[in-house]
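K.L.:
I am sharing final.cif, which consists of mmCIF, C-alpha atoms:
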```cif
data_target
loop_
_atom_site.label_atom_id
_atom_site.label_comp_id
_atom_site.auth_asym_id
_atom_site.auth_seq_id
_atom_site.Cartn_x
_atom_site.Cartn_y
_atom_site.Cartn_z
CA MET A 1 -40.13 147.21 -36.54
CA ASN A 2 -37.15 146.05 -38.53
CA LYS A 3 -36.80 148.98 -40.93
CA VAL A 4 -34.37 151.84 -41.13
CA ILE A 5 -36.06 155.18 -40.44
CA THR A 6 -34.70 158.23 -42.23
CA ILE A 7 -35.47 161.79 -41.16
CA SER A 8 -35.30 164.79 -43.46
CA ARG A 9 -35.92 168.04 -41.64
CA GLU A 10 -36.26 171.77 -41.93
CA PHE A 11 -33.69 173.55 -39.78
CA GLY A 12 -35.14 174.29 -36.34
CA SER A 13 -38.09 171.90 -36.67
CA GLY A 14 -36.82 169.48 -34.03
CA GLY A 15 -36.21 166.67 -36.52
CA ARG A 16 -32.96 165.65 -34.83
CA GLU A 17 -34.57 165.62 -31.37
CA LEU A 18 -37.43 163.51 -32.76
CA GLY A 19 -34.86 161.11 -34.24
CA VAL A 20 -33.01 160.76 -30.92
CA LYS A 21 -36.25 160.08 -29.01
CA LEU A 22 -37.53 157.69 -31.68
CA ALA A 23 -34.30 155.68 -31.58
CA GLN A 24 -34.41 155.60 -27.76
CA THR A 25 -38.05 154.45 -27.72
CA LEU A 26 -37.44 151.75 -30.32
CA GLY A 27 -34.10 150.73 -28.76
CA ILE A 28 -32.17 151.20 -32.02
CA SER A 29 -29.10 153.24 -33.03
CA PHE A 30 -29.18 156.89 -34.06
CA TYR A 31 -26.90 158.52 -36.66
CA ASP A 32 -26.54 162.16 -37.59
CA LYS A 33 -23.13 163.88 -37.44
CA GLU A 34 -21.65 160.48 -36.53
CA LEU A 35 -21.90 159.64 -40.22
CA ILE A 36 -19.21 162.19 -40.97
CA SER A 37 -16.50 160.60 -38.86
CA MET A 38 -17.56 157.13 -40.01
CA ALA A 39 -17.26 158.23 -43.65
CA ALA A 40 -13.93 159.92 -42.89
CA ASP A 41 -12.70 156.72 -41.25
CA GLU A 42 -13.32 154.67 -44.35
CA SER A 43 -11.88 157.18 -46.82
CA ASP A 44 -8.64 159.11 -47.18
CA ILE A 45 -10.35 162.41 -46.45
CA SER A 46 -9.93 164.23 -43.16
CA GLU A 47 -12.92 164.76 -40.85
CA GLU A 48 -12.34 168.52 -41.14
CA ALA A 49 -12.80 168.40 -44.90
CA PHE A 50 -15.96 166.35 -44.44
CA LEU A 51 -17.34 168.85 -41.95
CA HIS A 52 -16.66 171.64 -44.43
CA TYR A 53 -18.68 169.99 -47.19
CA ASP A 54 -21.37 168.28 -45.08
CA GLU A 55 -24.82 168.57 -46.70
CA ASN A 56 -23.54 171.10 -49.20
CA MET A 57 -23.85 170.85 -52.92
CA PRO A 58 -20.59 171.05 -54.93
CA PHE A 59 -19.43 174.61 -55.61
CA VAL A 60 -22.04 176.25 -53.43
CA GLN A 61 -19.88 176.75 -50.39
CA ASP A 62 -16.48 176.75 -51.98
CA PRO A 63 -15.88 177.89 -55.56
CA LEU A 64 -12.39 176.36 -55.40
CA ASP A 65 -14.01 172.93 -55.42
CA ARG A 66 -14.74 173.62 -59.07
CA HIS A 67 -11.08 173.38 -60.06
CA PHE A 68 -11.32 169.61 -59.79
CA TYR A 69 -13.14 169.72 -63.10
CA SER A 70 -10.55 171.97 -64.70
CA PRO A 71 -9.64 171.01 -68.28
CA PHE A 72 -6.05 172.00 -67.42
CA SER A 73 -5.75 169.24 -64.87
CA SER A 74 -4.12 166.14 -66.27
CA VAL A 75 -6.04 163.89 -63.88
CA TYR A 76 -9.82 163.97 -63.50
CA GLU A 77 -10.58 164.36 -59.83
CA VAL A 78 -13.96 163.94 -58.18
CA PRO A 79 -15.07 167.07 -56.26
CA MET A 80 -14.64 166.76 -52.50
CA SER A 81 -18.38 167.24 -51.90
CA ASP A 82 -19.14 164.30 -54.21
CA GLN A 83 -16.48 162.14 -52.53
CA LEU A 84 -18.11 162.96 -49.21
CA PHE A 85 -21.56 162.06 -50.52
CA PHE A 86 -20.36 158.73 -51.96
CA ALA A 87 -18.47 157.80 -48.78
CA GLN A 88 -21.47 158.70 -46.59
CA SER A 89 -23.80 156.73 -48.87
CA ARG A 90 -21.59 153.65 -48.52
CA VAL A 91 -21.67 154.03 -44.73
CA ILE A 92 -25.47 154.49 -44.75
CA LYS A 93 -25.95 151.33 -46.84
CA ARG A 94 -23.66 149.33 -44.58
CA LEU A 95 -25.47 150.55 -41.44
CA ALA A 96 -28.84 149.62 -43.01
CA GLU A 97 -27.58 146.09 -43.64
CA GLN A 98 -26.67 145.75 -39.97
CA GLY A 99 -30.26 146.30 -38.82
CA PRO A 100 -32.85 148.97 -37.98
CA CYS A 101 -31.65 152.44 -36.99
CA VAL A 102 -32.56 156.12 -37.34
CA ILE A 103 -30.55 158.22 -39.82
CA VAL A 104 -30.92 162.01 -40.02
CA GLY A 105 -30.33 163.91 -43.27
CA ARG A 106 -27.73 163.21 -45.97
CA CYS A 107 -30.34 161.99 -48.50
CA ALA A 108 -30.52 158.64 -46.67
CA ASP A 109 -34.14 158.29 -47.86
CA MET A 110 -32.92 158.13 -51.46
CA VAL A 111 -29.72 156.20 -50.74
CA LEU A 112 -31.76 153.32 -49.25
CA ASP A 113 -34.45 151.35 -51.08
CA ASP A 114 -36.59 150.08 -48.25
CA SER A 115 -36.50 152.68 -45.47
CA ILE A 116 -39.40 154.47 -43.77
CA ASN A 117 -38.90 158.12 -44.63
CA LEU A 118 -40.04 161.02 -42.45
CA PHE A 119 -40.01 164.75 -43.17
CA ILE A 120 -40.25 167.17 -40.23
CA TYR A 121 -41.01 170.86 -40.68
CA ALA A 122 -42.63 173.78 -38.87
CA LYS A 123 -43.77 177.34 -39.43
CA MET A 124 -40.90 179.86 -39.43
CA LYS A 125 -42.15 181.57 -36.25
CA SER A 126 -42.02 178.33 -34.31
CA ARG A 127 -38.55 177.46 -35.64
CA ILE A 128 -37.15 180.89 -34.76
CA LYS A 129 -38.48 180.47 -31.22
CA ARG A 130 -36.97 176.99 -30.93
CA MET A 131 -33.57 177.97 -32.31
CA ASN A 132 -33.35 181.10 -30.19
CA SER A 133 -33.80 178.91 -27.13
CA LEU A 134 -31.07 176.49 -28.30
CA GLU A 135 -28.41 178.61 -30.05
CA THR A 136 -26.90 181.40 -28.05
CA GLY A 137 -24.25 182.31 -30.63
CA VAL A 138 -26.71 183.87 -33.10
CA ALA A 139 -28.47 187.18 -32.47
CA PRO A 140 -32.25 186.57 -32.24
CA GLU A 141 -32.93 189.06 -35.04
CA GLN A 142 -30.57 187.15 -37.35
CA MET A 143 -32.09 183.74 -36.65
CA GLU A 144 -34.62 183.81 -39.51
CA SER A 145 -31.91 184.52 -42.07
CA ARG A 146 -29.74 181.75 -40.60
CA ILE A 147 -32.67 179.28 -40.78
CA ARG A 148 -33.44 180.22 -44.40
CA ASP A 149 -29.76 179.85 -45.28
CA VAL A 150 -29.42 176.34 -43.82
CA ASP A 151 -32.73 175.27 -45.40
CA ARG A 152 -31.65 176.51 -48.81
CA LYS A 153 -28.40 174.52 -48.58
CA ARG A 154 -30.24 171.37 -47.49
CA LYS A 155 -32.76 171.78 -50.28
CA ASP A 156 -30.09 172.35 -52.94
CA TYR A 157 -28.07 169.41 -51.63
CA TYR A 158 -31.09 167.08 -51.67
CA GLN A 159 -32.14 168.12 -55.14
CA TYR A 160 -28.60 167.96 -56.53
CA TYR A 161 -27.93 164.43 -55.31
CA THR A 162 -31.38 162.86 -55.62
CA GLY A 163 -33.02 164.81 -58.46
CA ASN A 164 -36.09 164.88 -56.22
CA GLU A 165 -37.95 167.73 -54.61
CA TRP A 166 -37.13 168.35 -50.94
CA GLY A 167 -40.35 168.58 -48.91
CA LYS A 168 -42.65 167.10 -51.55
CA ALA A 169 -44.93 164.88 -49.48
CA GLN A 170 -44.90 162.00 -51.96
CA ASN A 171 -41.14 161.53 -51.46
CA TYR A 172 -41.72 160.49 -47.83
CA HIS A 173 -44.02 158.13 -45.93
CA LEU A 174 -44.96 160.56 -43.18
CA CYS A 175 -44.53 164.35 -43.01
CA LEU A 176 -45.18 166.12 -39.71
CA GLU A 177 -45.53 169.78 -38.79
CA SER A 178 -43.91 169.91 -35.35
CA GLY A 179 -44.95 173.42 -34.27
CA LEU A 180 -48.54 172.46 -33.56
CA VAL A 181 -48.03 169.41 -31.35
CA GLY A 182 -44.34 169.60 -30.43
CA VAL A 183 -41.66 166.96 -30.89
CA ASP A 184 -43.38 164.64 -28.39
CA GLY A 185 -46.70 164.89 -30.26
CA CYS A 186 -44.90 164.02 -33.49
CA LEU A 187 -43.14 161.11 -31.79
CA LYS A 188 -46.50 159.59 -30.77
CA ALA A 189 -47.85 159.97 -34.31
CA VAL A 190 -44.75 158.30 -35.79
CA LEU A 191 -44.97 155.42 -33.31
CA ALA A 192 -48.68 154.93 -34.14
CA TYR A 193 -47.85 154.94 -37.88
CA LEU A 194 -45.06 152.38 -37.37
CA GLU A 195 -47.44 150.14 -35.42
CA GLY A 196 -49.53 149.96 -38.57
CA LEU A 197 -46.55 148.29 -40.30
CA ASN A 198 -46.91 145.21 -38.18
CA GLN A 199 -50.63 144.96 -38.87
CA GLN A 200 -50.43 145.08 -42.66
CA MET B 201 -60.43 168.34 -30.28
CA ASN B 202 -62.38 171.40 -31.33
CA LYS B 203 -60.79 172.04 -34.74
CA VAL B 204 -61.99 171.46 -38.27
CA ILE B 205 -59.93 168.79 -40.03
CA THR B 206 -59.45 169.14 -43.77
CA ILE B 207 -58.30 166.29 -45.99
CA SER B 208 -56.59 166.75 -49.34
CA ARG B 209 -55.98 163.47 -51.12
CA GLU B 210 -54.55 161.79 -54.16
CA PHE B 211 -57.20 159.85 -56.04
CA GLY B 212 -57.31 156.25 -54.83
CA SER B 213 -55.30 156.89 -51.66
CA GLY B 214 -58.25 156.23 -49.32
CA GLY B 215 -58.41 159.85 -48.11
CA ARG B 216 -62.20 159.87 -48.15
CA GLU B 217 -62.39 156.58 -46.21
CA LEU B 218 -59.92 157.96 -43.68
CA GLY B 219 -62.10 161.07 -43.33
CA VAL B 220 -65.26 159.02 -42.72
CA LYS B 221 -63.53 156.88 -40.07
CA LEU B 222 -61.91 159.90 -38.44
CA ALA B 223 -65.27 161.71 -38.19
CA GLN B 224 -66.89 158.57 -36.76
CA THR B 225 -64.14 158.09 -34.18
CA LEU B 226 -64.24 161.74 -33.10
CA GLY B 227 -68.05 161.86 -33.24
CA ILE B 228 -68.11 164.85 -35.59
CA SER B 229 -69.70 165.54 -38.99
CA PHE B 230 -68.18 164.58 -42.33
CA TYR B 231 -68.50 166.55 -45.57
CA ASP B 232 -67.38 165.63 -49.05
CA LYS B 233 -69.87 165.59 -51.96
CA GLU B 234 -72.50 166.92 -49.51
CA LEU B 235 -70.84 170.32 -49.96
CA ILE B 236 -72.10 170.41 -53.53
CA SER B 237 -75.80 170.23 -52.71
CA MET B 238 -75.32 172.59 -49.77
CA ALA B 239 -73.63 175.12 -52.04
CA ALA B 240 -76.34 174.60 -54.68
CA ASP B 241 -79.01 175.16 -52.02
CA GLU B 242 -77.63 178.55 -51.13
CA SER B 243 -77.05 179.76 -54.68
CA ASP B 244 -79.09 180.00 -57.87
CA ILE B 245 -77.07 177.31 -59.58
CA SER B 246 -78.40 173.80 -60.13
CA GLU B 247 -76.78 170.82 -58.43
CA GLU B 248 -76.09 169.35 -61.90
CA ALA B 249 -74.05 172.41 -62.88
CA PHE B 250 -72.15 172.15 -59.61
CA LEU B 251 -71.41 168.48 -60.19
CA HIS B 252 -70.08 169.33 -63.66
CA TYR B 253 -67.60 171.88 -62.33
CA ASP B 254 -66.75 170.22 -59.00
CA GLU B 255 -63.00 170.43 -58.24
CA ASN B 256 -62.24 171.62 -61.76
CA MET B 257 -60.38 174.72 -62.69
CA PRO B 258 -62.16 177.16 -65.02
CA PHE B 259 -61.78 176.25 -68.71
CA VAL B 260 -60.14 172.91 -68.08
CA GLN B 261 -63.23 170.77 -68.44
CA ASP B 262 -65.39 173.06 -70.51
CA PRO B 263 -63.92 175.59 -72.96
CA LEU B 264 -67.35 177.23 -73.24
CA ASP B 265 -66.92 178.50 -69.71
CA ARG B 266 -64.39 180.88 -71.19
CA HIS B 267 -67.03 182.93 -73.00
CA PHE B 268 -68.02 184.50 -69.70
CA TYR B 269 -64.86 186.57 -70.01
CA SER B 270 -65.59 187.52 -73.62
CA PRO B 271 -64.96 191.15 -74.46
CA PHE B 272 -68.09 190.97 -76.64
CA SER B 273 -70.34 190.37 -73.66
CA SER B 274 -71.89 193.56 -72.34
CA VAL B 275 -72.12 192.16 -68.82
CA TYR B 276 -69.14 190.71 -66.98
CA GLU B 277 -70.19 187.34 -65.69
CA VAL B 278 -68.24 185.21 -63.22
CA PRO B 279 -67.35 181.77 -64.66
CA MET B 280 -69.51 178.96 -63.32
CA SER B 281 -66.48 177.18 -61.83
CA ASP B 282 -65.60 180.33 -59.85
CA GLN B 283 -69.22 180.73 -58.71
CA LEU B 284 -69.10 177.13 -57.47
CA PHE B 285 -65.82 177.73 -55.66
CA PHE B 286 -67.11 180.88 -53.94
CA ALA B 287 -70.41 179.24 -52.93
CA GLN B 288 -68.60 176.17 -51.56
CA SER B 289 -66.14 178.37 -49.69
CA ARG B 290 -69.02 180.21 -48.00
CA VAL B 291 -70.56 176.86 -46.98
CA ILE B 292 -67.18 175.61 -45.67
CA LYS B 293 -66.70 178.76 -43.57
CA ARG B 294 -70.22 178.50 -42.15
CA LEU B 295 -69.74 174.81 -41.27
CA ALA B 296 -66.45 175.63 -39.55
CA GLU B 297 -68.20 178.24 -37.42
CA GLN B 298 -70.72 175.63 -36.27
CA GLY B 299 -68.02 173.41 -34.74
CA PRO B 300 -65.47 170.69 -35.48
CA CYS B 301 -65.99 168.51 -38.56
CA VAL B 302 -64.04 166.72 -41.31
CA ILE B 303 -64.05 168.29 -44.79
CA VAL B 304 -62.62 166.50 -47.82
CA GLY B 305 -61.17 168.39 -50.79
CA ARG B 306 -62.33 171.69 -52.27
CA CYS B 307 -59.31 173.66 -50.97
CA ALA B 308 -60.90 173.76 -47.50
CA ASP B 309 -57.39 173.91 -46.00
CA MET B 310 -56.85 177.29 -47.64
CA VAL B 311 -60.42 178.54 -47.23
CA LEU B 312 -60.15 178.16 -43.44
CA ASP B 313 -57.59 179.90 -41.23
CA ASP B 314 -57.40 177.60 -38.26
CA SER B 315 -57.99 174.05 -39.49
CA ILE B 316 -55.80 170.97 -39.10
CA ASN B 317 -54.82 170.01 -42.62
CA LEU B 318 -54.03 166.47 -43.76
CA PHE B 319 -52.72 165.24 -47.10
CA ILE B 320 -53.16 161.55 -47.99
CA TYR B 321 -51.31 159.89 -50.85
CA ALA B 322 -49.94 156.52 -51.92
CA LYS B 323 -47.75 154.91 -54.53
CA MET B 324 -49.48 154.47 -57.91
CA LYS B 325 -49.39 150.64 -57.67
CA SER B 326 -51.26 150.68 -54.37
CA ARG B 327 -53.84 153.17 -55.67
CA ILE B 328 -54.49 151.13 -58.82
CA LYS B 329 -55.07 148.04 -56.67
CA ARG B 330 -57.43 149.94 -54.38
CA MET B 331 -59.44 151.55 -57.18
CA ASN B 332 -59.73 148.30 -59.14
CA SER B 333 -61.31 146.72 -56.08
CA LEU B 334 -63.76 149.63 -55.70
CA GLU B 335 -64.65 150.77 -59.24
CA THR B 336 -66.08 148.14 -61.53
CA GLY B 337 -66.94 150.57 -64.36
CA VAL B 338 -63.31 151.17 -65.40
CA ALA B 339 -61.17 148.52 -67.12
CA PRO B 340 -58.22 147.61 -64.85
CA GLU B 341 -55.71 148.50 -67.57
CA GLN B 342 -57.22 151.99 -67.83
CA MET B 343 -57.17 152.69 -64.10
CA GLU B 344 -53.73 154.31 -64.01
CA SER B 345 -54.67 156.82 -66.68
CA ARG B 346 -57.95 157.58 -64.85
CA ILE B 347 -56.05 158.14 -61.58
CA ARG B 348 -53.52 160.45 -63.26
CA ASP B 349 -56.36 162.37 -64.90
CA VAL B 350 -58.26 162.99 -61.63
CA ASP B 351 -55.02 163.90 -59.81
CA ARG B 352 -54.08 166.41 -62.50
CA LYS B 353 -57.48 168.10 -62.22
CA ARG B 354 -57.28 168.25 -58.42
CA LYS B 355 -53.76 169.63 -58.59
CA ASP B 356 -54.69 172.30 -61.16
CA TYR B 357 -57.81 173.23 -59.19
CA TYR B 358 -55.86 173.57 -55.94
CA GLN B 359 -53.11 175.63 -57.52
CA TYR B 360 -55.54 177.84 -59.45
CA TYR B 361 -57.63 178.75 -56.40
CA THR B 362 -54.99 178.82 -53.67
CA GLY B 363 -51.79 179.75 -55.52
CA ASN B 364 -50.16 177.02 -53.45
CA GLU B 365 -48.52 173.78 -54.40
CA TRP B 366 -50.70 170.67 -54.03
CA GLY B 367 -48.82 167.99 -52.07
CA LYS B 368 -46.08 170.26 -50.75
CA ALA B 369 -45.68 169.03 -47.17
CA GLN B 370 -45.37 172.51 -45.66
CA ASN B 371 -48.94 173.34 -46.79
CA TYR B 372 -50.34 170.72 -44.41
CA HIS B 373 -49.88 169.66 -40.79
CA LEU B 374 -49.65 165.95 -41.42
CA CYS B 375 -49.04 164.06 -44.69
CA LEU B 376 -49.49 160.29 -44.74
CA GLU B 377 -48.61 157.62 -47.29
CA SER B 378 -51.48 155.17 -46.94
CA GLY B 379 -50.13 152.25 -49.00
CA LEU B 380 -47.65 151.15 -46.36
CA VAL B 381 -49.91 150.97 -43.31
CA GLY B 382 -53.42 151.13 -44.81
CA VAL B 383 -56.21 153.56 -43.98
CA ASP B 384 -56.52 152.16 -40.44
CA GLY B 385 -52.79 152.65 -39.81
CA CYS B 386 -53.10 156.26 -40.99
CA LEU B 387 -56.16 156.76 -38.78
CA LYS B 388 -54.16 155.74 -35.70
CA ALA B 389 -51.34 158.11 -36.61
CA VAL B 390 -53.77 161.01 -37.13
CA LEU B 391 -55.48 160.32 -33.80
CA ALA B 392 -52.10 160.22 -32.02
CA TYR B 393 -51.12 163.53 -33.67
CA LEU B 394 -54.42 165.14 -32.66
CA GLU B 395 -53.91 163.97 -29.06
CA GLY B 396 -50.76 166.10 -29.06
CA LEU B 397 -52.97 169.15 -29.61
CA ASN B 398 -54.45 168.82 -26.16
CA GLN B 399 -51.06 168.49 -24.54
CA GLN B 400 -49.50 171.61 -26.03
#
```
Could you render the structure as structure tokens?

P.N.:
Amino acid sequence: MNKVITISREFGSGGRELGVKLAQTLGISFYDKELISMAADESDISEEAFLHYDENMPFVQDPLDRHFYSPFSSVYEVPMSDQLFFAQSRVIKRLAEQGPCVIVGRCADMVLDDSINLFIYAKMKSRIKRMNSLETGVAPEQMESRIRDVDRKRKDYYQYYTGNEWGKAQNYHLCLESGLVGVDGCLKAVLAYLEGLNQQ
Amino acid sequence: MNKVITISREFGSGGRELGVKLAQTLGISFYDKELISMAADESDISEEAFLHYDENMPFVQDPLDRHFYSPFSSVYEVPMSDQLFFAQSRVIKRLAEQGPCVIVGRCADMVLDDSINLFIYAKMKSRIKRMNSLETGVAPEQMESRIRDVDRKRKDYYQYYTGNEWGKAQNYHLCLESGLVGVDGCLKAVLAYLEGLNQQ
């Protein structure tokens, strides 16, 4: 297996955990939040600013970002969220050139031309259960609204930067519902699918 | 594995072949076109009429079907395409009660409550190649338009009868692109996923 694997995921579906286990099993690198500091390193933007705009569409989180387009500004400035996206995309392309790895989120499936693209999702009930067992800072009764909020941002971000529909099966190679068989069940299915690559 | 497996598929993706092989491997029954004669058997409609309306939304194929809704008719009659859908749905539910099986198409994923639902698709180039090797009656240069035509009908039919989006990953448990790893590669991934069912 010499391909980059990208993982898009609904919040709370276990997509990140699947990515970690997949990378471990295949003996390749794993990138998720690491991409933020790597992109910050190669740009003039602070890691804090990157964290603020991570996987957010311009203007959605911060209306002030809009002023970059102001006609009163003498210099045209690129919105911070776009700068973040471009810097992350450059990092993603460079990582892909270095060899196989697993990359979570950040539209990596559309940034790269030749990756294997996974989409992980689960029924809301199963995601609430999972997140309530992982996040202690959110009241259980508020978890559904938090999940819907993160999903909406990811969806908007994906559609803004790729023009494609988030979660449309045909945009990915393999889409897995993780609630039914768990992250480990999904991992086995992904490994079996990847085996098929070597036999084609 | 004691569940019914339903397969939705893009035309030319090998979804039917996957279904046949899956049923063989699991030692369970397989239903595709067979559902038509079974539905005809249990209704007063001829198999020919069923074939005409199979996986077609009302009015799409035959504008005459519309007259059933005519305000000038003294008796309200259900359109033939709806009669077919209802008869097939009854057959699908009865089959599911009898035990595990594989059912291709006909919105079986939405007709049943507790099935494992697969969606099989592939890039257009790969589907054209596949269909040109299987169908000799269609000129190779016309294959793409034939594929798009069948897909559009399946999509309209699915959306008309289920209100859901055809090909949206979250409507299925497992969605597989078959061009990359072939039908046999997909089969292995499905079997690995199903194994996870027993370990949950």

K.L.:
Give the residues of chain B that lie within 6 Å of chain A; count only C-alpha atoms, and format the answer as a count of residues only.

P.N.:
17

K.L.:
I'd like the residues picked by the PyMOL selection byres ((chain A and resi 39-51) around 7) written out as a list in words, using the chain letters and numbers from the file.

P.N.:
Leu35, Ile36, Ser37, Met38, His52, Tyr53, Asp54, Leu84, Ala87, Gln88 and Val91 of chain A

K.L.:
For atom CA of Gly363 of chain B and atom CA of Ser229 of chain B, quote the distance in Å rounded to one decimal.

P.N.:
28.2 Å

K.L.:
I need the residue nearest Lys3 of chain A from this list: A:Asp82, A:Glu34, A:Asp109, A:Asp114. Use all atoms listed in the file for the distance.

P.N.:
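Counting all atoms listed in the file, the residue closest to Lys3 of chain A is A:Asp114.
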
K.L.:
I'd like the neighbourhood of Tyr361 of chain B as a list of chain:residue names, where a residue qualifies if any of its atoms comes within 10 Å (using all atoms listed in the file), though same-chain residues fewer than 3 positions away should be ignored.

P.N.:
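Returned residues: B:Met257, B:Pro258, B:Asp282, B:Phe285, B:Arg306, B:Cys307, B:Met310, B:Val311, B:Asp356, B:Tyr357, B:Tyr358, B:Asn364.
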
K.L.:
If I take atom CA of Ser289 of chain B and atom CA of Met124 of chain A, how far is one from the other in Å, to one decimal?

P.N.:
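Result for atom CA of Ser289 of chain B versus atom CA of Met124 of chain A: 27.3 Å, one decimal.
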
K.L.:
One number please: atom CA of Cys301 of chain B to atom CA of Lys355 of chain B, in Å, one decimal.

P.N.:
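Atom CA of Cys301 of chain B sits 23.5 Å away from atom CA of Lys355 of chain B.
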
K.L.:
What would the selection look like, as a list of chain:residue names, if the PyMOL selection byres ((chain B and resi 219-228) around 8) were run on the coordinates I just shared?

P.N.:
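Written out, the selection comes to B:Ile207, B:Gly215, B:Arg216, B:Glu217, B:Leu218, B:Ser229, B:Phe230, B:Pro300, B:Cys301, B:Val302, B:Ile303, B:Val304, B:Leu387, B:Leu391.
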